[in-house]
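J.: Below: one structure in structure tokens.
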Amino acid sequence: MITNAAAGTNVQEIATGIFRINTPVPLPDGQLFSFNQYLVVDDAPLLFHTGPRQLFPLVSEAIARVMPIERLRYIGLSHVEADECGAMNLLLAVAPQAVPLCSQVAAMVSMTDLADRPPRAMADGEELDLGQHTIRWFDMPHVPHGWECGLMMDTRTRTLFCGDLFTQGGPSERALTDADILGPSEAFRLQMDYFAHAPQTAQRLAALAAQSPRVMAVMHGSAWEGDGAALLRHLSEAVSPH
């Protein structure tokens with residue numbers, strides 16, 4: 001479903017009750033790069049990633065095509081960057097019951113100050129009941145970026161909201177694919193070198209693989225479905241020192 005023809009913003013359901021909001025954005029070199037947010041529609045709806053502040057009109061328009069935006073209860077982020085939480089306070093202003101959702105470290109070092117309402121700080125392994133969906137939180141320090149990084153998985157659909165893992169360039173016209181995303185994402189990573197090279201990266205990725213995700217809700221690029229455990233193990237091998 002196209003929600004803004006001029007910008008190309010679109011919404012697609014990638015798992016039961018989970019919608020990818022996608023906007024292709026032109027980079028300075030003229031190429032397109034996709035920004036995705038994920039909306040979990042439930043008794044207590046959750047949005048993971050806000051998009052940059054400048055995308056707020058497009059993201060809010062897209063949410064409203066799926067559900068009333070004022071019903072949002074949680075607005076999650078993996079780490080503190082503009083594309084993760086730049087529009088946080090704009091969303092809090094239009095969703096009066098919503099609170100930020102983040103790691104305990106993110107709450108301590110950033111979000112308690114940056115957000116207009118106190119965040120719900122999640123502990124590693126903690127679960128959050130949304131109604132039909134249950135979210136499990138994973139602390140992921142320095143995987144791939146900052147100390148405060150965290151990811152989450154819906155235990156009902158086994159959808160892993162994997163943030164900047166498996167980032168792919170381009171506009172990502174396909175909302176959900178079963179084609180190779182590791183190759184394109186590794187080619188992109190090797191150009192940018194945006195992983196933190198932390199010593200526990202392989203251990204953290206192995207812990208995610210043990211959750212056996214079936215859908216990868218990627219922040220930049222197409223979402224993916226298949227054997228998520230194998231995909232995470234292959235990523236661990238790719239980023240580990242040889």
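Identifiers in this document derive from the order of the structure tokens: chains are assigned A, B, ..., residues are numbered from 1 separately in each chain, and ligands are numbered from 1 in order of occurrence.
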Just list the residues in region 17-128 of chain A DSSP gives helix (DSSP H, G or I) on the backbone, as an MDAnalysis selection string.

T.: chainID A and resid 53:66 69:71 82:85 88:94 104:114

J.: Take the residues that were just selected and, keeping N, CA and C atoms, output them as a CSV table (one decimal), in the first residue's frame.

T.:
chain,number,residue,atom,x,y,z
A,53,ARG,N,13.6,13.0,12.2
A,53,ARG,CA,12.5,14.0,12.5
A,53,ARG,C,11.9,14.5,11.2
A,54,GLN,N,12.7,14.6,10.1
A,54,GLN,CA,12.2,15.2,8.9
A,54,GLN,C,11.2,14.2,8.1
A,55,LEU,N,11.3,12.9,8.5
A,55,LEU,CA,10.3,12.0,7.9
A,55,LEU,C,9.0,11.8,8.7
A,56,PHE,N,8.9,12.6,9.8
A,56,PHE,CA,7.7,12.4,10.7
A,56,PHE,C,6.4,12.6,9.9
A,57,PRO,N,6.3,13.6,9.0
A,57,PRO,CA,5.0,13.7,8.3
A,57,PRO,C,4.7,12.4,7.5
A,58,LEU,N,5.7,11.8,6.9
A,58,LEU,CA,5.4,10.6,6.1
A,58,LEU,C,5.1,9.4,7.0
A,59,VAL,N,5.9,9.2,8.0
A,59,VAL,CA,5.7,8.1,8.9
A,59,VAL,C,4.4,8.2,9.6
A,60,SER,N,4.0,9.3,10.1
A,60,SER,CA,2.7,9.5,10.8
A,60,SER,C,1.6,9.3,9.9
A,61,GLU,N,1.7,9.7,8.6
A,61,GLU,CA,0.7,9.5,7.6
A,61,GLU,C,0.5,8.0,7.4
A,62,ALA,N,1.6,7.3,7.3
A,62,ALA,CA,1.6,5.8,7.1
A,62,ALA,C,0.9,5.1,8.2
A,63,ILE,N,1.3,5.5,9.5
A,63,ILE,CA,0.7,4.8,10.7
A,63,ILE,C,-0.8,5.0,10.6
A,64,ALA,N,-1.2,6.2,10.3
A,64,ALA,CA,-2.7,6.5,10.3
A,64,ALA,C,-3.4,5.7,9.3
A,65,ARG,N,-2.8,5.2,8.3
A,65,ARG,CA,-3.5,4.4,7.3
A,65,ARG,C,-3.7,3.0,7.8
A,66,VAL,N,-3.0,2.6,8.9
A,66,VAL,CA,-3.1,1.3,9.4
A,66,VAL,C,-4.0,1.3,10.7
A,69,ILE,N,-3.1,6.9,15.1
A,69,ILE,CA,-1.7,7.0,15.7
A,69,ILE,C,-1.8,7.3,17.2
A,70,GLU,N,-2.9,7.9,17.7
A,70,GLU,CA,-3.0,8.2,19.1
A,70,GLU,C,-3.1,6.9,19.9
A,71,ARG,N,-3.3,5.7,19.3
A,71,ARG,CA,-3.3,4.5,20.1
A,71,ARG,C,-1.9,3.9,20.4
A,82,ALA,N,19.5,9.5,14.9
A,82,ALA,CA,18.3,10.2,14.3
A,82,ALA,C,17.3,9.3,13.7
A,83,ASP,N,17.8,8.3,12.9
A,83,ASP,CA,16.9,7.4,12.2
A,83,ASP,C,16.2,6.5,13.1
A,84,GLU,N,16.7,6.3,14.3
A,84,GLU,CA,16.1,5.4,15.3
A,84,GLU,C,15.1,6.2,16.2
A,85,CYS,N,15.4,7.4,16.5
A,85,CYS,CA,14.6,8.1,17.5
A,85,CYS,C,14.5,9.6,17.3
A,88,MET,N,11.1,11.0,18.0
A,88,MET,CA,10.5,10.5,19.2
A,88,MET,C,9.5,11.5,19.8
A,89,ASN,N,9.9,12.7,20.1
A,89,ASN,CA,9.1,13.7,20.8
A,89,ASN,C,7.9,14.1,19.9
A,90,LEU,N,8.0,14.1,18.6
A,90,LEU,CA,6.9,14.4,17.8
A,90,LEU,C,5.8,13.4,17.9
A,91,LEU,N,6.3,12.1,17.9
A,91,LEU,CA,5.3,11.0,18.1
A,91,LEU,C,4.7,11.0,19.5
A,92,LEU,N,5.5,11.3,20.5
A,92,LEU,CA,4.9,11.4,21.9
A,92,LEU,C,3.8,12.5,22.0
A,93,ALA,N,4.0,13.5,21.2
A,93,ALA,CA,3.0,14.6,21.2
A,93,ALA,C,1.7,14.2,20.6
A,94,VAL,N,1.7,13.3,19.7
A,94,VAL,CA,0.4,12.9,19.0
A,94,VAL,C,-0.1,11.6,19.6
A,104,GLN,N,18.2,-0.4,29.2
A,104,GLN,CA,18.4,0.3,30.5
A,104,GLN,C,19.6,1.3,30.3
A,105,VAL,N,20.6,0.9,29.5
A,105,VAL,CA,21.7,1.8,29.3
A,105,VAL,C,21.2,3.0,28.5
A,106,ALA,N,20.4,2.8,27.4
A,106,ALA,CA,19.9,3.9,26.7
A,106,ALA,C,19.1,4.9,27.5
A,107,ALA,N,18.3,4.3,28.4
A,107,ALA,CA,17.5,5.2,29.3
A,107,ALA,C,18.4,6.0,30.2
A,108,MET,N,19.4,5.4,30.7
A,108,MET,CA,20.3,6.0,31.7
A,108,MET,C,21.1,7.1,31.0
A,109,VAL,N,21.7,6.9,29.8
A,109,VAL,CA,22.6,7.8,29.3
A,109,VAL,C,22.0,8.8,28.4
A,110,SER,N,20.8,8.6,27.8
A,110,SER,CA,20.2,9.5,26.8
A,110,SER,C,18.7,9.7,27.0
A,111,MET,N,17.9,8.7,26.9
A,111,MET,CA,16.5,8.9,26.7
A,111,MET,C,15.7,9.5,27.9
A,112,THR,N,16.2,9.3,29.1
A,112,THR,CA,15.6,10.0,30.2
A,112,THR,C,15.6,11.5,30.1
A,113,ASP,N,16.7,11.9,29.4
A,113,ASP,CA,16.9,13.4,29.2
A,113,ASP,C,16.3,13.8,27.9
A,114,LEU,N,16.5,13.0,26.8
A,114,LEU,CA,16.1,13.5,25.5
A,114,LEU,C,14.6,13.4,25.2

J.: With only C-alpha atoms as the counted atoms, please give the residues lying no more than 8 Å from Pro184 (chain A), apart from itself and same-chain residues fewer than 4 positions off, as a list of chain:residue names.

T.: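 The residues that qualify are A:Gln168, A:Gly169, A:Asp180, A:Phe188.
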
J.: Go through region 29-133 of chain A and collect every residue that DSSP, computed from the backbone, puts in strand (DSSP E or B); the answer should be as number ranges by chain.

T.: A: 32-40, 46-48, 74-76, 99-103, 120-122, 127-129

J.: Write to file, as an mmCIF file, in the first residue's frame, the residues of the selection just made, with C-alpha atoms.

T.:
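Result went into out-v1.cif, see below:
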data_model
loop_
_atom_site.group_PDB
_atom_site.id
_atom_site.type_symbol
_atom_site.label_atom_id
_atom_site.label_comp_id
_atom_site.auth_asym_id
_atom_site.auth_seq_id
_atom_site.Cartn_x
_atom_site.Cartn_y
_atom_site.Cartn_z
ATOM 1 C CA LEU A 32 18.388 5.819 -2.894
ATOM 2 C CA PHE A 33 18.605 4.410 0.636
ATOM 3 C CA SER A 34 15.618 2.979 2.504
ATOM 4 C CA PHE A 35 14.430 3.903 5.986
ATOM 5 C CA ASN A 36 12.076 1.404 7.635
ATOM 6 C CA GLN A 37 9.926 1.555 10.736
ATOM 7 C CA TYR A 38 7.947 -1.414 12.078
ATOM 8 C CA LEU A 39 4.454 -1.117 13.525
ATOM 9 C CA VAL A 40 3.097 -3.919 15.717
ATOM 10 C CA LEU A 46 4.342 -0.590 19.329
ATOM 11 C CA LEU A 47 6.424 1.288 16.755
ATOM 12 C CA PHE A 48 10.084 0.242 16.445
ATOM 13 C CA TYR A 74 5.362 2.098 22.943
ATOM 14 C CA ILE A 75 7.926 3.721 20.664
ATOM 15 C CA GLY A 76 11.039 1.567 20.592
ATOM 16 C CA VAL A 99 6.320 5.955 26.133
ATOM 17 C CA PRO A 100 9.799 5.322 24.711
ATOM 18 C CA LEU A 101 11.019 1.715 24.880
ATOM 19 C CA CYS A 102 14.761 1.103 25.062
ATOM 20 C CA SER A 103 17.588 -0.620 26.905
ATOM 21 C CA ARG A 120 10.257 2.073 29.704
ATOM 22 C CA ALA A 121 13.741 0.620 30.230
ATOM 23 C CA MET A 122 13.978 -3.069 29.306
ATOM 24 C CA GLU A 127 9.320 -9.709 27.994
ATOM 25 C CA LEU A 128 6.589 -7.175 27.286
ATOM 26 C CA ASP A 129 2.994 -8.283 26.644
#

J.: Which residue gives the smallest distance to Asp43 (chain A) among A:Leu208, A:Leu130, A:Leu27, A:Ala6, with only C-alpha atoms counted?

T.: A:Leu130

J.: What's around Met67 (chain A) at 10 Å? Count only C-alpha atoms, leave out sequence neighbours fewer than 6 positions away in its own chain, and write the answer as a PyMOL selection string.

T.: chain A and resi 39+41-42+45

J.: How would the residues just chosen look if you wrote them out with all heavy atoms as a PDB file, in the first residue's frame?

T.:
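Saved file again.pdb follows:
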ATOM      1  N   LEU A  39       5.625  -1.354  12.689  1.00  0.00           N
ATOM      2  CA  LEU A  39       4.454  -1.117  13.525  1.00  0.00           C
ATOM      3  C   LEU A  39       3.830  -2.456  13.903  1.00  0.00           C
ATOM      4  O   LEU A  39       3.448  -3.238  13.025  1.00  0.00           O
ATOM      5  CB  LEU A  39       3.446  -0.262  12.753  1.00  0.00           C
ATOM      6  CG  LEU A  39       2.125   0.049  13.440  1.00  0.00           C
ATOM      7  CD1 LEU A  39       2.345   0.918  14.674  1.00  0.00           C
ATOM      8  CD2 LEU A  39       1.171   0.736  12.452  1.00  0.00           C
ATOM      9  N   VAL A  41       0.691  -3.953  15.471  1.00  0.00           N
ATOM     10  CA  VAL A  41      -0.694  -3.572  15.787  1.00  0.00           C
ATOM     11  C   VAL A  41      -1.265  -4.591  16.757  1.00  0.00           C
ATOM     12  O   VAL A  41      -1.350  -5.782  16.458  1.00  0.00           O
ATOM     13  CB  VAL A  41      -1.549  -3.494  14.500  1.00  0.00           C
ATOM     14  CG1 VAL A  41      -2.987  -3.146  14.854  1.00  0.00           C
ATOM     15  CG2 VAL A  41      -0.966  -2.478  13.538  1.00  0.00           C
ATOM     16  N   ASP A  42      -1.651  -4.111  17.943  1.00  0.00           N
ATOM     17  CA  ASP A  42      -2.107  -5.012  18.998  1.00  0.00           C
ATOM     18  C   ASP A  42      -2.893  -4.199  20.014  1.00  0.00           C
ATOM     19  O   ASP A  42      -3.187  -3.018  19.785  1.00  0.00           O
ATOM     20  CB  ASP A  42      -0.889  -5.698  19.646  1.00  0.00           C
ATOM     21  CG  ASP A  42      -1.196  -7.100  20.166  1.00  0.00           C
ATOM     22  OD1 ASP A  42      -2.335  -7.320  20.619  1.00  0.00           O
ATOM     23  OD2 ASP A  42      -0.302  -7.956  20.149  1.00  0.00           O
ATOM     24  N   PRO A  45      -0.210  -1.094  20.926  1.00  0.00           N
ATOM     25  CA  PRO A  45       0.600  -1.028  19.711  1.00  0.00           C
ATOM     26  C   PRO A  45       1.998  -0.464  19.969  1.00  0.00           C
ATOM     27  O   PRO A  45       2.199   0.404  20.832  1.00  0.00           O
ATOM     28  CB  PRO A  45      -0.202  -0.102  18.802  1.00  0.00           C
ATOM     29  CG  PRO A  45      -1.594  -0.151  19.323  1.00  0.00           C
ATOM     30  CD  PRO A  45      -1.445  -0.311  20.802  1.00  0.00           C
TER      31      PRO A  45
END

J.: Kindly indicate which residue among A:Phe138, A:Ser222, A:Pro241, A:Thr157 lies nearest to Ala209 (chain A), using only C-alpha atoms for the distances.

T.: A:Phe138

J.: Between CA of Gln97 (chain A) and CA of Pro141 (chain A), what is the spacing in Å?

T.: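 A separation of 28.6 Å between them.
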
J.: If you count only C-alpha atoms, which residues fall within 9 Å of Val239 (chain A), apart from same-chain ones fewer than 5 positions away, as number ranges by chain?

T.: A: 186, 195, 197, 201-202, 234

J.: Give the answer as one residue: which of A:Gln12, A:Gln132, A:Gln31, A:Ser236 has the shortest atom-to-atom distance to Leu176 (chain A), using only C-alpha atoms?

T.: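 Between A:Gln12, A:Gln132, A:Gln31, A:Ser236, the residue approaching Leu176 (chain A) most closely is A:Gln12.
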
J.: Can you tell me, as a ChimeraX atom specification, what residues are no more than 12 Å from Arg233 (chain A) when counting only C-alpha atoms, ignoring any on the same chain fewer than 5 positions away?

T.: /A:182,201-213,227-228,238-240

J.: With all heavy atoms retained, could you export that selection as a CSV table (one decimal), in the first residue's frame?

T.:
chain,number,residue,atom,x,y,z
A,182,LEU,N,22.6,-11.4,3.0
A,182,LEU,CA,23.9,-11.4,3.7
A,182,LEU,C,24.9,-10.8,2.7
A,182,LEU,O,25.7,-9.9,3.1
A,182,LEU,CB,24.3,-12.7,4.2
A,182,LEU,CG,25.6,-12.8,4.9
A,182,LEU,CD1,25.6,-11.9,6.2
A,182,LEU,CD2,26.0,-14.2,5.3
A,201,THR,N,30.9,-9.7,20.0
A,201,THR,CA,30.0,-9.7,18.9
A,201,THR,C,29.5,-11.1,18.5
A,201,THR,O,28.3,-11.4,18.4
A,201,THR,CB,30.6,-9.0,17.6
A,201,THR,OG1,30.8,-7.6,18.0
A,201,THR,CG2,29.6,-9.1,16.5
A,202,ALA,N,30.4,-12.1,18.3
A,202,ALA,CA,30.1,-13.4,17.9
A,202,ALA,C,29.2,-14.1,19.0
A,202,ALA,O,28.2,-14.8,18.7
A,202,ALA,CB,31.3,-14.3,17.7
A,203,GLN,N,29.5,-13.8,20.3
A,203,GLN,CA,28.7,-14.4,21.4
A,203,GLN,C,27.3,-13.8,21.3
A,203,GLN,O,26.3,-14.6,21.5
A,203,GLN,CB,29.4,-14.1,22.7
A,203,GLN,CG,28.6,-14.5,23.9
A,203,GLN,CD,29.2,-14.0,25.2
A,203,GLN,OE1,30.3,-13.5,25.2
A,203,GLN,NE2,28.5,-14.2,26.3
A,204,ARG,N,27.1,-12.5,21.1
A,204,ARG,CA,25.8,-11.9,21.1
A,204,ARG,C,25.0,-12.4,19.9
A,204,ARG,O,23.8,-12.7,20.0
A,204,ARG,CB,26.0,-10.4,21.0
A,204,ARG,CG,26.7,-9.7,22.2
A,204,ARG,CD,25.8,-9.7,23.4
A,204,ARG,NE,26.4,-9.0,24.5
A,204,ARG,CZ,25.8,-8.9,25.7
A,204,ARG,NH1,24.6,-9.4,25.9
A,204,ARG,NH2,26.5,-8.3,26.7
A,205,LEU,N,25.6,-12.5,18.7
A,205,LEU,CA,24.9,-13.0,17.6
A,205,LEU,C,24.5,-14.5,17.8
A,205,LEU,O,23.4,-14.9,17.3
A,205,LEU,CB,25.8,-12.9,16.3
A,205,LEU,CG,26.0,-11.4,15.9
A,205,LEU,CD1,27.0,-11.4,14.7
A,205,LEU,CD2,24.7,-10.8,15.5
A,206,ALA,N,25.3,-15.3,18.4
A,206,ALA,CA,25.0,-16.7,18.7
A,206,ALA,C,23.8,-16.7,19.6
A,206,ALA,O,22.9,-17.6,19.5
A,206,ALA,CB,26.2,-17.4,19.3
A,207,ALA,N,23.7,-15.8,20.6
A,207,ALA,CA,22.5,-15.8,21.5
A,207,ALA,C,21.2,-15.5,20.7
A,207,ALA,O,20.2,-16.1,21.0
A,207,ALA,CB,22.8,-14.8,22.6
A,208,LEU,N,21.3,-14.6,19.7
A,208,LEU,CA,20.2,-14.3,18.9
A,208,LEU,C,19.8,-15.5,18.0
A,208,LEU,O,18.6,-15.8,17.9
A,208,LEU,CB,20.5,-13.1,18.0
A,208,LEU,CG,20.5,-11.7,18.6
A,208,LEU,CD1,20.7,-10.7,17.6
A,208,LEU,CD2,19.2,-11.4,19.4
A,209,ALA,N,20.8,-16.2,17.5
A,209,ALA,CA,20.6,-17.4,16.7
A,209,ALA,C,19.8,-18.4,17.4
A,209,ALA,O,19.0,-19.1,16.9
A,209,ALA,CB,21.9,-17.9,16.1
A,210,ALA,N,20.1,-18.5,18.7
A,210,ALA,CA,19.5,-19.5,19.6
A,210,ALA,C,18.0,-19.3,19.7
A,210,ALA,O,17.2,-20.2,20.1
A,210,ALA,CB,20.1,-19.6,21.0
A,211,GLN,N,17.5,-18.1,19.4
A,211,GLN,CA,16.1,-17.8,19.5
A,211,GLN,C,15.3,-18.2,18.2
A,211,GLN,O,14.1,-18.2,18.2
A,211,GLN,CB,15.9,-16.2,19.6
A,211,GLN,CG,16.6,-15.7,20.8
A,211,GLN,CD,15.9,-16.2,22.1
A,211,GLN,OE1,14.7,-16.3,22.2
A,211,GLN,NE2,16.8,-16.5,23.1
A,212,SER,N,16.0,-18.7,17.2
A,212,SER,CA,15.4,-19.3,16.0
A,212,SER,C,14.4,-18.3,15.3
A,212,SER,O,13.3,-18.7,15.1
A,212,SER,CB,14.8,-20.6,16.3
A,212,SER,OG,15.7,-21.5,16.7
A,213,PRO,N,14.8,-17.1,15.0
A,213,PRO,CA,13.9,-16.2,14.4
A,213,PRO,C,13.6,-16.7,13.0
A,213,PRO,O,14.3,-17.3,12.3
A,213,PRO,CB,14.7,-14.9,14.3
A,213,PRO,CG,16.1,-15.2,14.4
A,213,PRO,CD,16.2,-16.5,15.2
A,227,ASP,N,15.5,-19.3,7.6
A,227,ASP,CA,16.2,-19.8,8.7
A,227,ASP,C,17.1,-18.7,9.3
A,227,ASP,O,18.2,-18.6,9.0
A,227,ASP,CB,17.0,-21.0,8.3
A,227,ASP,CG,17.7,-21.7,9.4
A,227,ASP,OD1,17.7,-21.2,10.6
A,227,ASP,OD2,18.3,-22.8,9.2
A,228,GLY,N,16.5,-18.0,10.2
A,228,GLY,CA,17.2,-16.8,10.8
A,228,GLY,C,18.4,-17.2,11.7
A,228,GLY,O,19.4,-16.5,11.7
A,238,ALA,N,31.1,-13.9,9.3
A,238,ALA,CA,31.6,-12.8,8.5
A,238,ALA,C,32.3,-11.7,9.2
A,238,ALA,O,33.3,-11.1,8.8
A,238,ALA,CB,30.5,-12.3,7.6
A,239,VAL,N,31.8,-11.4,10.4
A,239,VAL,CA,32.3,-10.3,11.2
A,239,VAL,C,33.4,-10.7,12.2
A,239,VAL,O,34.1,-9.8,12.7
A,239,VAL,CB,31.2,-9.5,11.9
A,239,VAL,CG1,30.1,-9.0,10.9
A,239,VAL,CG2,30.5,-10.4,13.0
A,240,SER,N,33.6,-12.0,12.4
A,240,SER,CA,34.6,-12.4,13.3
A,240,SER,C,36.0,-12.3,12.7
A,240,SER,O,36.2,-12.6,11.5
A,240,SER,CB,34.3,-13.9,13.8
A,240,SER,OG,33.1,-14.0,14.5

J.: Quick one: everything within 10 Å of Glu173 (chain A), counting only C-alpha atoms, minus sequence neighbours fewer than 2 positions away in the same chain. Send it as JSON, numbers by chain.

T.: {"A": [8, 10, 22, 23, 24, 34, 170, 171, 175, 176, 221, 222]}

J.: Mind writing the picked residues with N, CA, C and O atoms as a compact mmCIF listing (two decimals), in the first residue's frame?

T.:
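Here's the written file out.txt:
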# COMPACT_ATOMS: atom_id res chain seq x y z
N GLY A 8 7.09 8.06 -2.15
CA GLY A 8 7.25 6.62 -2.30
C GLY A 8 7.06 5.85 -1.01
O GLY A 8 7.35 4.66 -0.95
N ASN A 10 5.55 3.57 1.70
CA ASN A 10 4.62 2.46 1.53
C ASN A 10 4.57 1.62 2.80
O ASN A 10 5.49 1.67 3.62
N ASN A 22 8.07 1.97 4.87
CA ASN A 22 9.30 2.14 4.11
C ASN A 22 9.27 3.44 3.32
O ASN A 22 8.28 3.72 2.65
N THR A 23 10.37 4.20 3.41
CA THR A 23 10.52 5.40 2.60
C THR A 23 11.90 5.39 1.95
O THR A 23 12.90 5.32 2.65
N PRO A 24 11.97 5.42 0.61
CA PRO A 24 13.27 5.55 -0.05
C PRO A 24 13.71 7.02 -0.03
O PRO A 24 12.94 7.91 -0.41
N SER A 34 16.93 3.15 1.89
CA SER A 34 15.62 2.98 2.50
C SER A 34 15.67 3.16 4.02
O SER A 34 16.62 2.74 4.68
N GLY A 170 20.16 0.80 -1.55
CA GLY A 170 19.09 0.82 -2.53
C GLY A 170 17.73 1.09 -1.92
O GLY A 170 17.58 1.19 -0.71
N PRO A 171 16.70 1.19 -2.76
CA PRO A 171 15.36 1.56 -2.29
C PRO A 171 14.58 0.43 -1.66
O PRO A 171 13.56 0.67 -1.04
N ALA A 175 9.23 -5.65 0.14
CA ALA A 175 9.08 -5.52 1.59
C ALA A 175 9.64 -6.74 2.31
O ALA A 175 10.25 -6.62 3.38
N LEU A 176 9.45 -7.94 1.72
CA LEU A 176 9.86 -9.18 2.36
C LEU A 176 10.43 -10.10 1.29
O LEU A 176 9.81 -10.30 0.24
N GLY A 221 16.58 -1.67 4.08
CA GLY A 221 16.55 -2.75 3.11
C GLY A 221 15.33 -3.63 3.29
O GLY A 221 14.45 -3.37 4.13
N SER A 222 15.26 -4.69 2.49
CA SER A 222 14.13 -5.61 2.56
C SER A 222 14.16 -6.42 3.85
O SER A 222 15.23 -6.85 4.30

J.: Region 150-154 of chain A: which residues within 8 Å, counting only C-alpha atoms, same-chain residues fewer than 5 positions away excluded, as a VMD selection string?

T.: chain A and resid 77 to 79 102 to 103 133 to 141 159 to 163 213

J.: Restricting it to C-alpha atoms, dump the selection as an mmCIF file, in the first residue's frame.

T.:
data_model
loop_
_atom_site.group_PDB
_atom_site.id
_atom_site.type_symbol
_atom_site.label_atom_id
_atom_site.label_comp_id
_atom_site.auth_asym_id
_atom_site.auth_seq_id
_atom_site.Cartn_x
_atom_site.Cartn_y
_atom_site.Cartn_z
ATOM 1 C CA LEU A 77 14.612 2.213 19.548
ATOM 2 C CA SER A 78 17.686 0.045 19.205
ATOM 3 C CA HIS A 79 20.191 2.849 19.807
ATOM 4 C CA CYS A 102 14.761 1.103 25.062
ATOM 5 C CA SER A 103 17.588 -0.620 26.905
ATOM 6 C CA HIS A 133 2.233 -10.388 20.634
ATOM 7 C CA THR A 134 4.939 -10.686 23.272
ATOM 8 C CA ILE A 135 8.181 -8.784 22.832
ATOM 9 C CA ARG A 136 11.446 -10.178 24.214
ATOM 10 C CA TRP A 137 14.306 -7.710 24.672
ATOM 11 C CA PHE A 138 17.997 -8.440 24.065
ATOM 12 C CA ASP A 139 20.838 -6.188 25.178
ATOM 13 C CA MET A 140 23.343 -5.927 22.315
ATOM 14 C CA PRO A 141 26.098 -3.532 23.458
ATOM 15 C CA THR A 159 10.099 -11.725 14.034
ATOM 16 C CA LEU A 160 13.472 -10.279 15.063
ATOM 17 C CA PHE A 161 13.591 -6.499 14.910
ATOM 18 C CA CYS A 162 17.264 -6.486 14.024
ATOM 19 C CA GLY A 163 18.018 -2.786 13.608
ATOM 20 C CA PRO A 213 13.889 -16.178 14.354
#
